$ cat run-v4.tsv   # TSV, C-alpha atoms (C1' of nucleotides)
chain	number	residue	atom	x	y	z
A	17	MET	CA	12.95	-0.20	21.10
A	18	GLU	CA	9.79	-1.66	19.65
A	19	LEU	CA	7.66	0.46	17.33
A	20	THR	CA	3.97	0.84	18.01
A	21	PRO	CA	1.82	-0.89	15.39
A	22	GLN	CA	0.64	2.55	14.24
A	23	THR	CA	4.18	3.80	13.72
A	24	SER	CA	5.15	0.62	11.95
A	25	LEU	CA	2.14	0.96	9.65
A	26	LEU	CA	2.94	4.59	8.91
A	27	GLN	CA	6.51	3.76	7.96
A	28	TRP	CA	5.34	0.90	5.79
A	29	TYR	CA	2.84	3.20	4.07
A	30	ASN	CA	5.38	5.91	3.35
A	31	LYS	CA	7.58	3.37	1.61
A	32	ASN	CA	5.06	0.96	0.06
A	33	GLY	CA	1.73	2.79	-0.24
A	34	ARG	CA	-0.04	3.32	-3.57
A	35	HIS	CA	0.62	7.04	-3.47
A	36	ASP	CA	-0.16	7.72	-7.11
A	37	LEU	CA	-3.85	6.81	-7.09
A	38	PRO	CA	-5.66	9.89	-8.47
A	39	TRP	CA	-8.20	10.01	-5.64
A	40	ARG	CA	-5.29	10.23	-3.19
A	41	THR	CA	-3.50	13.06	-4.90
A	42	THR	CA	-6.60	15.29	-5.09
A	43	ASP	CA	-8.17	17.37	-2.37
A	44	ASN	CA	-11.45	17.71	-4.27
A	45	PRO	CA	-14.08	16.17	-1.94
A	46	TYR	CA	-16.41	15.41	-4.86
A	47	HIS	CA	-13.70	13.45	-6.69
A	48	ILE	CA	-12.99	11.50	-3.51
A	49	TYR	CA	-16.70	10.85	-3.04
A	50	VAL	CA	-17.09	9.48	-6.57
A	51	SER	CA	-14.07	7.25	-6.13
A	52	GLU	CA	-15.39	5.85	-2.85
A	53	ILE	CA	-18.73	4.93	-4.41
A	54	MET	CA	-17.17	3.43	-7.53
A	55	LEU	CA	-14.71	1.40	-5.50
A	56	GLN	CA	-17.39	-0.32	-3.43
A	57	GLN	CA	-17.13	-4.04	-4.20
A	58	THR	CA	-15.13	-3.11	-7.28
A	59	GLN	CA	-11.46	-3.53	-8.15
A	60	VAL	CA	-9.17	-0.52	-8.30
A	61	LYS	CA	-8.03	-1.47	-11.79
A	62	THR	CA	-11.57	-1.36	-13.19
A	63	VAL	CA	-12.34	2.05	-11.69
A	64	LEU	CA	-8.96	3.49	-12.62
A	65	GLU	CA	-8.82	2.32	-16.21
A	66	ARG	CA	-12.43	2.60	-17.35
A	67	PHE	CA	-14.73	4.69	-15.20
A	68	TYR	CA	-13.20	7.31	-12.89
A	69	PHE	CA	-11.85	9.81	-15.43
A	70	PRO	CA	-14.67	9.59	-18.02
A	71	PHE	CA	-17.24	10.05	-15.27
A	72	LEU	CA	-15.55	13.16	-13.86
A	73	GLU	CA	-15.14	14.58	-17.33
A	74	ARG	CA	-18.85	14.13	-18.01
A	75	PHE	CA	-19.84	15.39	-14.54
A	76	PRO	CA	-17.14	17.85	-13.40
A	77	THR	CA	-19.05	18.86	-10.26
A	78	LEU	CA	-21.67	17.36	-7.98
A	79	LEU	CA	-24.05	20.06	-9.17
A	80	ASP	CA	-23.69	18.71	-12.71
A	81	ILE	CA	-25.04	15.40	-11.45
A	82	ALA	CA	-27.87	17.06	-9.56
A	83	GLU	CA	-28.93	18.92	-12.70
A	84	SER	CA	-28.75	15.84	-14.95
A	85	ASP	CA	-31.24	13.04	-15.57
A	86	LEU	CA	-30.64	9.70	-13.88
A	87	ASP	CA	-30.38	8.15	-17.36
A	88	ASP	CA	-27.32	10.27	-18.08
A	89	VAL	CA	-25.64	9.13	-14.87
A	90	LEU	CA	-26.53	5.51	-15.61
A	91	LYS	CA	-24.95	5.80	-19.06
A	92	MET	CA	-21.61	6.65	-17.45
A	93	TRP	CA	-22.14	3.82	-14.95
A	94	GLU	CA	-22.91	1.26	-17.67
A	95	GLY	CA	-20.71	-1.81	-17.20
A	96	LEU	CA	-19.61	-0.91	-13.68
A	97	GLY	CA	-22.39	-2.87	-11.98
A	98	TYR	CA	-24.37	-2.42	-8.77
A	99	TYR	CA	-26.44	0.24	-10.47
A	100	THR	CA	-28.18	1.27	-7.27
A	101	ARG	CA	-24.96	3.16	-6.60
A	102	ALA	CA	-25.64	5.42	-9.57
A	103	LYS	CA	-29.22	5.95	-8.51
A	104	ASN	CA	-28.14	6.80	-4.97
A	105	LEU	CA	-25.38	9.10	-6.22
A	106	HIS	CA	-27.89	10.97	-8.35
A	107	HIS	CA	-30.35	11.18	-5.46
A	108	ALA	CA	-27.65	12.28	-3.02
A	109	ALA	CA	-26.55	15.07	-5.36
A	110	ARG	CA	-30.08	16.45	-5.28
A	111	GLN	CA	-30.47	15.87	-1.54
A	112	CYS	CA	-27.59	18.26	-0.86
A	113	ASN	CA	-28.24	20.58	-3.82
A	114	GLY	CA	-24.86	19.74	-5.26
A	115	ILE	CA	-23.01	20.87	-2.15
A	116	LEU	CA	-21.27	17.96	-0.46
A	117	PRO	CA	-21.41	18.05	3.36
A	118	ASP	CA	-18.02	18.54	5.03
A	119	ASN	CA	-18.39	16.06	7.89
A	120	ALA	CA	-19.09	12.36	8.35
A	121	HIS	CA	-22.32	12.86	10.27
A	122	ASP	CA	-24.03	14.80	7.48
A	123	LEU	CA	-22.48	12.65	4.74
A	124	MET	CA	-24.07	9.58	6.29
A	125	ASN	CA	-27.53	11.07	5.78
A	126	LEU	CA	-27.07	10.96	2.00
A	127	SER	CA	-28.33	8.02	-0.04
A	128	GLY	CA	-25.67	5.41	-0.70
A	129	ILE	CA	-23.27	6.65	1.98
A	130	GLY	CA	-23.01	4.31	4.94
A	131	ARG	CA	-20.82	4.61	7.98
A	132	SER	CA	-17.60	3.35	6.41
A	133	THR	CA	-17.92	5.45	3.25
A	134	ALA	CA	-18.82	8.52	5.31
A	135	HIS	CA	-15.73	8.00	7.43
A	136	ALA	CA	-13.59	7.46	4.35
A	137	ILE	CA	-14.72	10.66	2.63
A	138	ALA	CA	-14.42	12.64	5.86
A	139	ALA	CA	-10.94	11.29	6.61
A	140	PHE	CA	-9.60	11.67	3.06
A	141	ALA	CA	-11.21	14.96	2.08
A	142	TYR	CA	-11.41	16.78	5.41
A	143	ARG	CA	-8.89	14.94	7.61
A	144	GLU	CA	-11.63	14.10	10.09
A	145	SER	CA	-10.27	11.61	12.63
A	146	LEU	CA	-12.40	8.53	12.00
A	147	PRO	CA	-11.55	4.92	11.06
A	148	ILE	CA	-13.05	3.06	8.13
A	149	LEU	CA	-14.26	-0.54	8.20
A	150	ASP	CA	-14.18	-2.05	4.76
A	151	ALA	CA	-13.37	-5.60	3.68
A	152	ASN	CA	-9.63	-4.94	3.87
A	153	VAL	CA	-9.76	-3.57	7.39
A	154	LYS	CA	-12.10	-6.35	8.49
A	155	ARG	CA	-9.68	-9.01	7.28
A	156	ILE	CA	-6.75	-7.33	9.02
A	157	LEU	CA	-8.67	-6.92	12.28
A	158	HIS	CA	-9.88	-10.50	12.28
A	159	ARG	CA	-6.29	-11.67	12.01
A	160	TYR	CA	-4.64	-9.01	14.14
A	161	PHE	CA	-6.96	-9.65	17.09
A	162	ALA	CA	-7.42	-13.37	16.31
A	163	LEU	CA	-11.18	-13.07	15.94
A	164	LYS	CA	-13.02	-16.14	14.65
A	165	GLU	CA	-16.47	-14.64	14.93
A	166	ARG	CA	-17.91	-12.30	12.30
A	167	ASN	CA	-19.49	-9.48	14.27
A	168	GLU	CA	-19.90	-6.05	12.71
A	169	LYS	CA	-20.49	-4.22	15.97
A	170	LYS	CA	-17.43	-5.67	17.68
A	171	LEU	CA	-15.31	-5.05	14.58
A	172	TRP	CA	-16.08	-1.34	14.80
A	173	GLU	CA	-14.77	-1.37	18.37
A	174	TYR	CA	-11.58	-3.07	17.23
A	175	ALA	CA	-11.35	-0.61	14.34
A	176	TYR	CA	-11.19	2.22	16.86
A	177	ALA	CA	-8.78	0.26	19.06
A	178	LEU	CA	-6.15	-0.02	16.34
A	179	PHE	CA	-6.88	3.37	14.76
A	180	ASP	CA	-4.16	6.04	14.66
A	181	SER	CA	-6.25	9.09	15.46
A	182	SER	CA	-3.32	11.42	14.80
A	183	HIS	CA	-3.03	10.36	11.14
A	184	PRO	CA	-6.53	9.50	9.90
A	185	PHE	CA	-5.71	9.95	6.21
A	186	GLU	CA	-2.52	7.92	6.20
A	187	TYR	CA	-3.83	5.25	8.57
A	188	ASN	CA	-6.96	4.50	6.58
A	189	GLN	CA	-5.17	4.54	3.22
A	190	ALA	CA	-2.43	2.35	4.68
A	191	MET	CA	-4.90	-0.18	6.04
A	192	MET	CA	-6.47	-0.56	2.61
A	193	ASP	CA	-3.05	-0.97	1.02
A	194	VAL	CA	-1.97	-3.58	3.55
A	195	GLY	CA	-5.25	-5.41	2.96
A	196	ALA	CA	-4.90	-5.22	-0.79
A	197	THR	CA	-1.21	-6.11	-1.11
A	198	VAL	CA	-0.05	-7.89	2.08
A	199	CYS	CA	-2.83	-9.25	4.26
A	200	LEU	CA	-4.31	-11.10	1.29
A	201	ALA	CA	-7.35	-13.32	1.68
A	202	LYS	CA	-5.76	-16.49	0.30
A	203	LYS	CA	-2.02	-15.79	0.52
A	204	PRO	CA	-1.15	-13.49	3.41
A	205	LEU	CA	2.44	-12.22	3.15
A	206	CYS	CA	3.11	-12.06	6.88
A	207	GLU	CA	6.89	-11.73	6.54
A	208	VAL	CA	6.58	-8.29	4.96
A	209	CYS	CA	3.64	-7.11	7.06
A	210	PRO	CA	4.01	-3.98	9.21
A	211	PHE	CA	1.99	-5.77	11.91
A	212	LYS	CA	4.18	-8.89	12.01
A	213	GLU	CA	5.41	-8.12	15.54
A	214	SER	CA	2.03	-7.70	17.21
A	215	CYS	CA	-0.46	-9.61	15.03
A	216	GLN	CA	-2.17	-12.28	17.13
A	217	GLY	CA	-3.14	-14.33	14.10
A	218	LYS	CA	0.21	-14.48	12.31
A	219	THR	CA	0.80	-18.18	13.00
A	220	ASP	CA	-2.48	-19.25	11.37
A	221	PRO	CA	-3.92	-16.25	9.50
A	222	LEU	CA	-6.14	-18.36	7.25
A	223	THR	CA	-8.24	-19.48	10.21
A	224	TYR	CA	-9.58	-15.96	10.86
A	225	PRO	CA	-12.46	-15.44	10.60
A	226	ASP	CA	-14.58	-18.59	10.40
A	227	ALA	CA	-15.24	-19.61	6.81
A	228	LYS	CA	-18.52	-18.61	5.27
A	229	ALA	CA	-21.03	-21.37	4.70
A	230	LYS	CA	-20.81	-22.46	1.08
A	231	THR	CA	-23.93	-21.83	-0.94
A	232	ARG	CA	-24.43	-22.72	-4.55
A	233	LYS	CA	-25.69	-20.01	-6.85
A	234	PRO	CA	-29.07	-20.93	-8.34
A	235	ILE	CA	-29.41	-21.11	-12.11
A	236	ARG	CA	-32.32	-19.31	-13.75
A	237	LYS	CA	-33.21	-20.59	-17.18
A	238	ARG	CA	-34.99	-18.01	-19.28
A	239	SER	CA	-35.90	-17.15	-22.86
A	240	ILE	CA	-35.04	-13.74	-24.24
A	241	ILE	CA	-37.22	-12.68	-27.16
A	242	VAL	CA	-36.07	-9.93	-29.47
A	243	TYR	CA	-39.18	-8.53	-31.11
A	244	GLN	CA	-38.47	-6.86	-34.42
A	245	ARG	CA	-40.48	-4.41	-36.53
A	246	HIS	CA	-38.68	-3.47	-39.71
A	247	SER	CA	-35.30	-2.25	-38.47
A	248	ARG	CA	-36.38	-1.57	-34.91
A	249	TYR	CA	-36.22	-3.74	-31.80
A	250	ALA	CA	-38.35	-3.79	-28.64
A	251	LEU	CA	-36.83	-2.84	-25.28
A	252	MET	CA	-38.19	-1.83	-21.90
A	253	GLN	CA	-36.57	0.19	-19.14
A	254	ARG	CA	-36.39	-1.86	-15.96
A	255	LYS	CA	-38.46	-0.51	-13.10
A	256	GLU	CA	-37.54	-3.14	-10.51
A	257	ARG	CA	-34.53	-2.97	-8.22
A	258	PHE	CA	-32.58	-5.52	-10.23
A	259	LEU	CA	-30.65	-3.67	-12.96
A	260	HIS	CA	-32.81	-0.68	-12.16
A	261	GLY	CA	-33.00	1.94	-14.89
A	262	LEU	CA	-31.21	-0.18	-17.48
A	263	TRP	CA	-32.90	-1.09	-20.76
A	264	GLY	CA	-33.43	-4.69	-21.75
A	265	PHE	CA	-35.10	-7.08	-24.14
A	266	TYR	CA	-38.12	-9.13	-23.19
A	267	GLU	CA	-37.40	-12.02	-20.85
A	268	THR	CA	-39.75	-14.91	-20.05
A	269	THR	CA	-39.88	-18.40	-18.61
A	270	GLU	CA	-41.93	-19.55	-21.64
A	271	ILE	CA	-40.40	-21.42	-24.55
A	272	PRO	CA	-41.30	-19.26	-27.55
A	273	GLY	CA	-41.29	-19.69	-31.31
A	274	GLY	CA	-39.14	-17.62	-33.60
A	275	THR	CA	-35.58	-17.89	-34.82
A	276	ALA	CA	-33.01	-19.11	-32.32
A	277	LEU	CA	-30.08	-16.66	-32.23
A	278	GLY	CA	-27.93	-18.35	-29.59
A	279	ASN	CA	-27.40	-18.88	-25.87
A	280	ILE	CA	-25.97	-16.62	-23.22
A	281	THR	CA	-24.73	-17.25	-19.69
A	282	GLN	CA	-24.41	-14.34	-17.29
A	283	HIS	CA	-23.15	-14.62	-13.73
A	284	TYR	CA	-24.83	-12.16	-11.36
A	285	SER	CA	-24.07	-11.63	-7.71
A	286	HIS	CA	-26.74	-14.01	-6.48
A	287	PHE	CA	-27.73	-16.22	-9.44
A	288	THR	CA	-26.61	-17.36	-12.86
A	289	LEU	CA	-28.73	-16.58	-15.90
A	290	GLU	CA	-28.84	-19.14	-18.71
A	291	ALA	CA	-30.92	-17.82	-21.56
A	292	ASN	CA	-31.83	-18.87	-25.07
A	293	VAL	CA	-32.24	-15.89	-27.36
A	294	TYR	CA	-34.92	-15.76	-30.08
A	295	LEU	CA	-35.80	-13.31	-32.82
A	296	SER	CA	-39.53	-12.80	-33.44
A	297	HIS	CA	-41.61	-10.71	-35.85
A	298	GLU	CA	-44.86	-11.33	-34.02
A	299	ASP	CA	-47.04	-8.48	-32.84
A	300	VAL	CA	-46.70	-7.64	-29.17
A	301	GLU	CA	-49.06	-5.86	-26.84
A	302	GLU	CA	-46.56	-5.14	-24.11
A	303	GLU	CA	-45.45	-1.56	-23.65
A	304	PHE	CA	-42.13	-1.59	-25.41
A	305	GLU	CA	-40.21	1.21	-27.00
A	306	TRP	CA	-38.68	0.57	-30.39
A	307	PHE	CA	-35.09	1.37	-31.31
A	308	THR	CA	-32.68	0.84	-34.19
A	309	ILE	CA	-29.33	-0.78	-33.42
A	310	GLU	CA	-27.78	2.66	-33.71
A	311	GLU	CA	-30.21	4.10	-31.17
A	312	ILE	CA	-29.68	1.20	-28.75
A	313	THR	CA	-26.06	2.24	-28.31
A	314	GLN	CA	-27.33	5.44	-26.71
A	315	LEU	CA	-29.13	3.47	-23.98
A	316	SER	CA	-27.70	1.84	-20.89
A	317	LEU	CA	-27.80	-1.95	-21.13
A	318	SER	CA	-26.68	-4.75	-18.88
A	319	ARG	CA	-23.86	-7.04	-19.93
A	320	ALA	CA	-26.37	-9.78	-20.81
A	321	ASP	CA	-28.39	-7.48	-23.04
A	322	HIS	CA	-25.22	-6.32	-24.76
A	323	LYS	CA	-24.58	-9.96	-25.62
A	324	VAL	CA	-28.05	-10.08	-27.15
A	325	VAL	CA	-27.24	-7.01	-29.26
A	326	GLU	CA	-24.19	-8.82	-30.58
A	327	PHE	CA	-26.40	-11.74	-31.67
A	328	ILE	CA	-28.70	-9.31	-33.51
A	329	LYS	CA	-25.79	-7.73	-35.34
A	330	LYS	CA	-24.48	-11.15	-36.43
A	331	SER	CA	-27.89	-12.30	-37.68
A	332	ALA	CA	-28.62	-9.12	-39.61
B	13	DG	C1'	-29.17	-9.72	10.53
B	14	DA	C1'	-29.48	-11.94	6.27
B	15	DG	C1'	-30.15	-11.51	1.56
B	16	DG	C1'	-30.34	-8.69	-2.76
B	17	DC	C1'	-27.47	-6.32	-5.69
B	18	DG	C1'	-23.03	-6.59	-11.50
B	19	DT	C1'	-18.99	-7.24	-13.48
B	20	DG	C1'	-14.32	-8.77	-14.41
B	21	DG	C1'	-10.19	-11.16	-12.91
B	22	DC	C1'	-7.93	-14.80	-10.72
B	23	DC	C1'	-6.50	-19.67	-10.15
C	14	DT	C1'	-13.89	-23.98	-15.03
C	15	DG	C1'	-16.62	-22.87	-11.32
C	16	DG	C1'	-16.17	-20.51	-7.21
C	17	DC	C1'	-14.23	-16.59	-4.87
C	18	DC	C1'	-12.97	-12.19	-4.46
C	19	DA	C1'	-12.90	-6.82	-5.09
C	20	DA	C1'	-12.73	0.55	-0.97
C	21	DG	C1'	-20.68	-1.74	1.09
C	22	DC	C1'	-25.34	-0.15	1.29
C	23	DC	C1'	-30.20	-0.86	1.59
C	24	DT	C1'	-34.30	-3.35	2.79
$ encode --input "run-v4.tsv" --output "structure tokens"
Amino acid sequence: MELTPQTSLLQWYNKNGRHDLPWRTTDNPYHIYVSEIMLQQTQVKTVLERFYFPFLERFPTLLDIAESDLDDVLKMWEGLGYYTRAKNLHHAARQCNGILPDNAHDLMNLSGIGRSTAHAIAAFAYRESLPILDANVKRILHRYFALKERNEKKLWEYAYALFDSSHPFEYNQAMMDVGATVCLAKKPLCEVCPFKESCQGKTDPLTYPDAKAKTRKPIRKRSIIVYQRHSRYALMQRKERFLHGLWGFYETTEIPGGTALGNITQHYSHFTLEANVYLSHEDVEEEFEWFTIEEITQLSLSRADHKVVEFIKKSA
DNA sequence: GAGGCGTGGCC
DNA sequence: TGGCCAAGCCT
């Protein structure tokens, strides 16, 4: 007798799932929430080894976040990227007064929690019977139902079609594990896949969905000027959306004078920064704040600005 | 709906 | 080594 795809998936998960992930072995909704936000567009290894535990130690409860300054949250987020997540997490903590809603509908009203994340938290923390639709599930669905077209609305319908409503926790976790370890983007391992019997795309999995149009990342050439007064250096806290809340040195399209310290290249999500770094003792009228190297380590800086700090240390 | 939004790892 | 990819959301 043939197994249903849901039963096959469940059996696969029991044997092959990543059961030891800390956000799977807890029933603390706040811990699960933090993990879901950190894991957005971010590899499990990075979250697991560098960010998840230190963050929860610094902020043991959601109320601790609500009662802290955004700068303190950003400091724990430093290096993780997509800093709007930290801003939204801080805002969400205050929106709900440190008390996380216990259902997907109310979770979705919080900043930074979309439909998929709301479903994930609700399914994992409260066993609410809802499917998720993340990149892993999307890839599986495109192949399983042989869908060439990328269509978010239709994918949600297919997500419900394959969903095992009797086992929301195990199903959703299993789908992410299959996506992460079997239904791989470049090398799908169809022979060990729990869906190998019923998958409609198994003969040519790489053709689903249609390939994205290739676009070349633009290169932005900039000068970074490190203004120095005695043993202090000029930084500003970014107000714009890009790297919001992080501190940085002065950046310009002008070619300045001063001592050349070196060059940095930084790849961002939508452009590449190529910058020449200069040290200058000129007076400046811009509204900077001035910090020693020691004090700078207390701030939150982007990767690129950390590279600048390294140049300063070498030149000193 | 398309584009903005970080960083590290992989080949 | 440059281009893709990794538990999306917001505007």
$ atom_distance --input "run-v4.tsv" --atom1 "CA of Gly274 in chain A" --atom2 "CA of Leu295 in chain A"
5.5 Å
$ atom_distance --input "run-v4.tsv" --atom1 "CA of Ile280 in chain A" --atom2 "CA of Glu326 in chain A"
10.9 Å
$ residues_around --input "run-v4.tsv" --residues "DC17 in chain C" --least-positions-apart "3" --cutoff "10 Å" --atoms "all atoms listed in the file" --output "list in words"
Lys202 of chain A; DC22 and DC23 of chain B
$ write_last_selection --input "run-v4.tsv" --atoms "C-alpha atoms (C1' of nucleotides)" --output "short mmCIF file (atom, residue, chain, number, x, y, z; two decimals), in the frame of the given file"
data_model
loop_
_atom_site.label_atom_id
_atom_site.label_comp_id
_atom_site.auth_asym_id
_atom_site.auth_seq_id
_atom_site.Cartn_x
_atom_site.Cartn_y
_atom_site.Cartn_z
CA LYS A 202 -5.76 -16.49 0.30
"C1'" DC B 22 -7.93 -14.80 -10.72
"C1'" DC B 23 -6.50 -19.67 -10.15
#
$ closest_atom_pairs --input "run-v4.tsv" --of "chain C" --to "chain A" --cutoff "7 Å" --atoms "all atoms listed in the file" --output "JSON lines"
{"residue": "C:DA19", "atom": "C1'", "partner": "A:Gln59", "partner_atom": "CA", "distance": 4.7}
{"residue": "C:DA20", "atom": "C1'", "partner": "A:Leu55", "partner_atom": "CA", "distance": 5.0}
{"residue": "C:DG21", "atom": "C1'", "partner": "A:Gln56", "partner_atom": "CA", "distance": 5.8}
{"residue": "C:DC22", "atom": "C1'", "partner": "A:Gly128", "partner_atom": "CA", "distance": 5.9}
$ atom_distance --input "run-v4.tsv" --atom1 "CA of Asn292 in chain A" --atom2 "C1' of DC18 in chain C"
28.7 Å
$ interface_residues --input "run-v4.tsv" --of "chain A" --to "chain B" --cutoff "9 Å" --atoms "all atoms listed in the file" --output "ChimeraX atom specification"
/A:58-59,62,95-100,257-259,283-286,318-319
$ residues_around --input "run-v4.tsv" --residues "Pro147 in chain A" --least-positions-apart "4" --cutoff "8 Å" --atoms "all atoms listed in the file" --output "VMD selection string"
chain A and resid 132 135 to 136 139 175 to 176 179 184 188
$ write_last_selection --input "run-v4.tsv" --atoms "C-alpha atoms" --output "PDB file, in the coordinates of the input"
ATOM      1  CA  SER A 132     -17.600   3.350   6.410  1.00  0.00           C
ATOM      2  CA  HIS A 135     -15.730   8.000   7.430  1.00  0.00           C
ATOM      3  CA  ALA A 136     -13.590   7.460   4.350  1.00  0.00           C
ATOM      4  CA  ALA A 139     -10.940  11.290   6.610  1.00  0.00           C
ATOM      5  CA  ALA A 175     -11.350  -0.610  14.340  1.00  0.00           C
ATOM      6  CA  TYR A 176     -11.190   2.220  16.860  1.00  0.00           C
ATOM      7  CA  PHE A 179      -6.880   3.370  14.760  1.00  0.00           C
ATOM      8  CA  PRO A 184      -6.530   9.500   9.900  1.00  0.00           C
ATOM      9  CA  ASN A 188      -6.960   4.500   6.580  1.00  0.00           C
TER      10      ASN A 188
END
$ residues_near_point --input "run-v4.tsv" --point "(4.2, -11.3, 6.6)" --cutoff "12 Å" --atoms "only C-alpha atoms (C1' of nucleotides)" --output "ChimeraX atom specification"
/A:156,159-160,194-195,197-200,203-215,217-221
$ closest_residue --input "run-v4.tsv" --among "A:Asp321, A:Thr313, A:Ser182, A:Pro225" --to "Val242 in chain A" --atoms "only C-alpha atoms"
A:Asp321
$ axis_aligned_box --input "run-v4.tsv" --around "range 20-24 of chain C" --padding-each-side "8 Å" --output "AutoDock Vina command-line options"
--center_x -23.5 --center_y -1.4 --center_z 0.9 --size_x 37.6 --size_y 19.9 --size_z 19.8
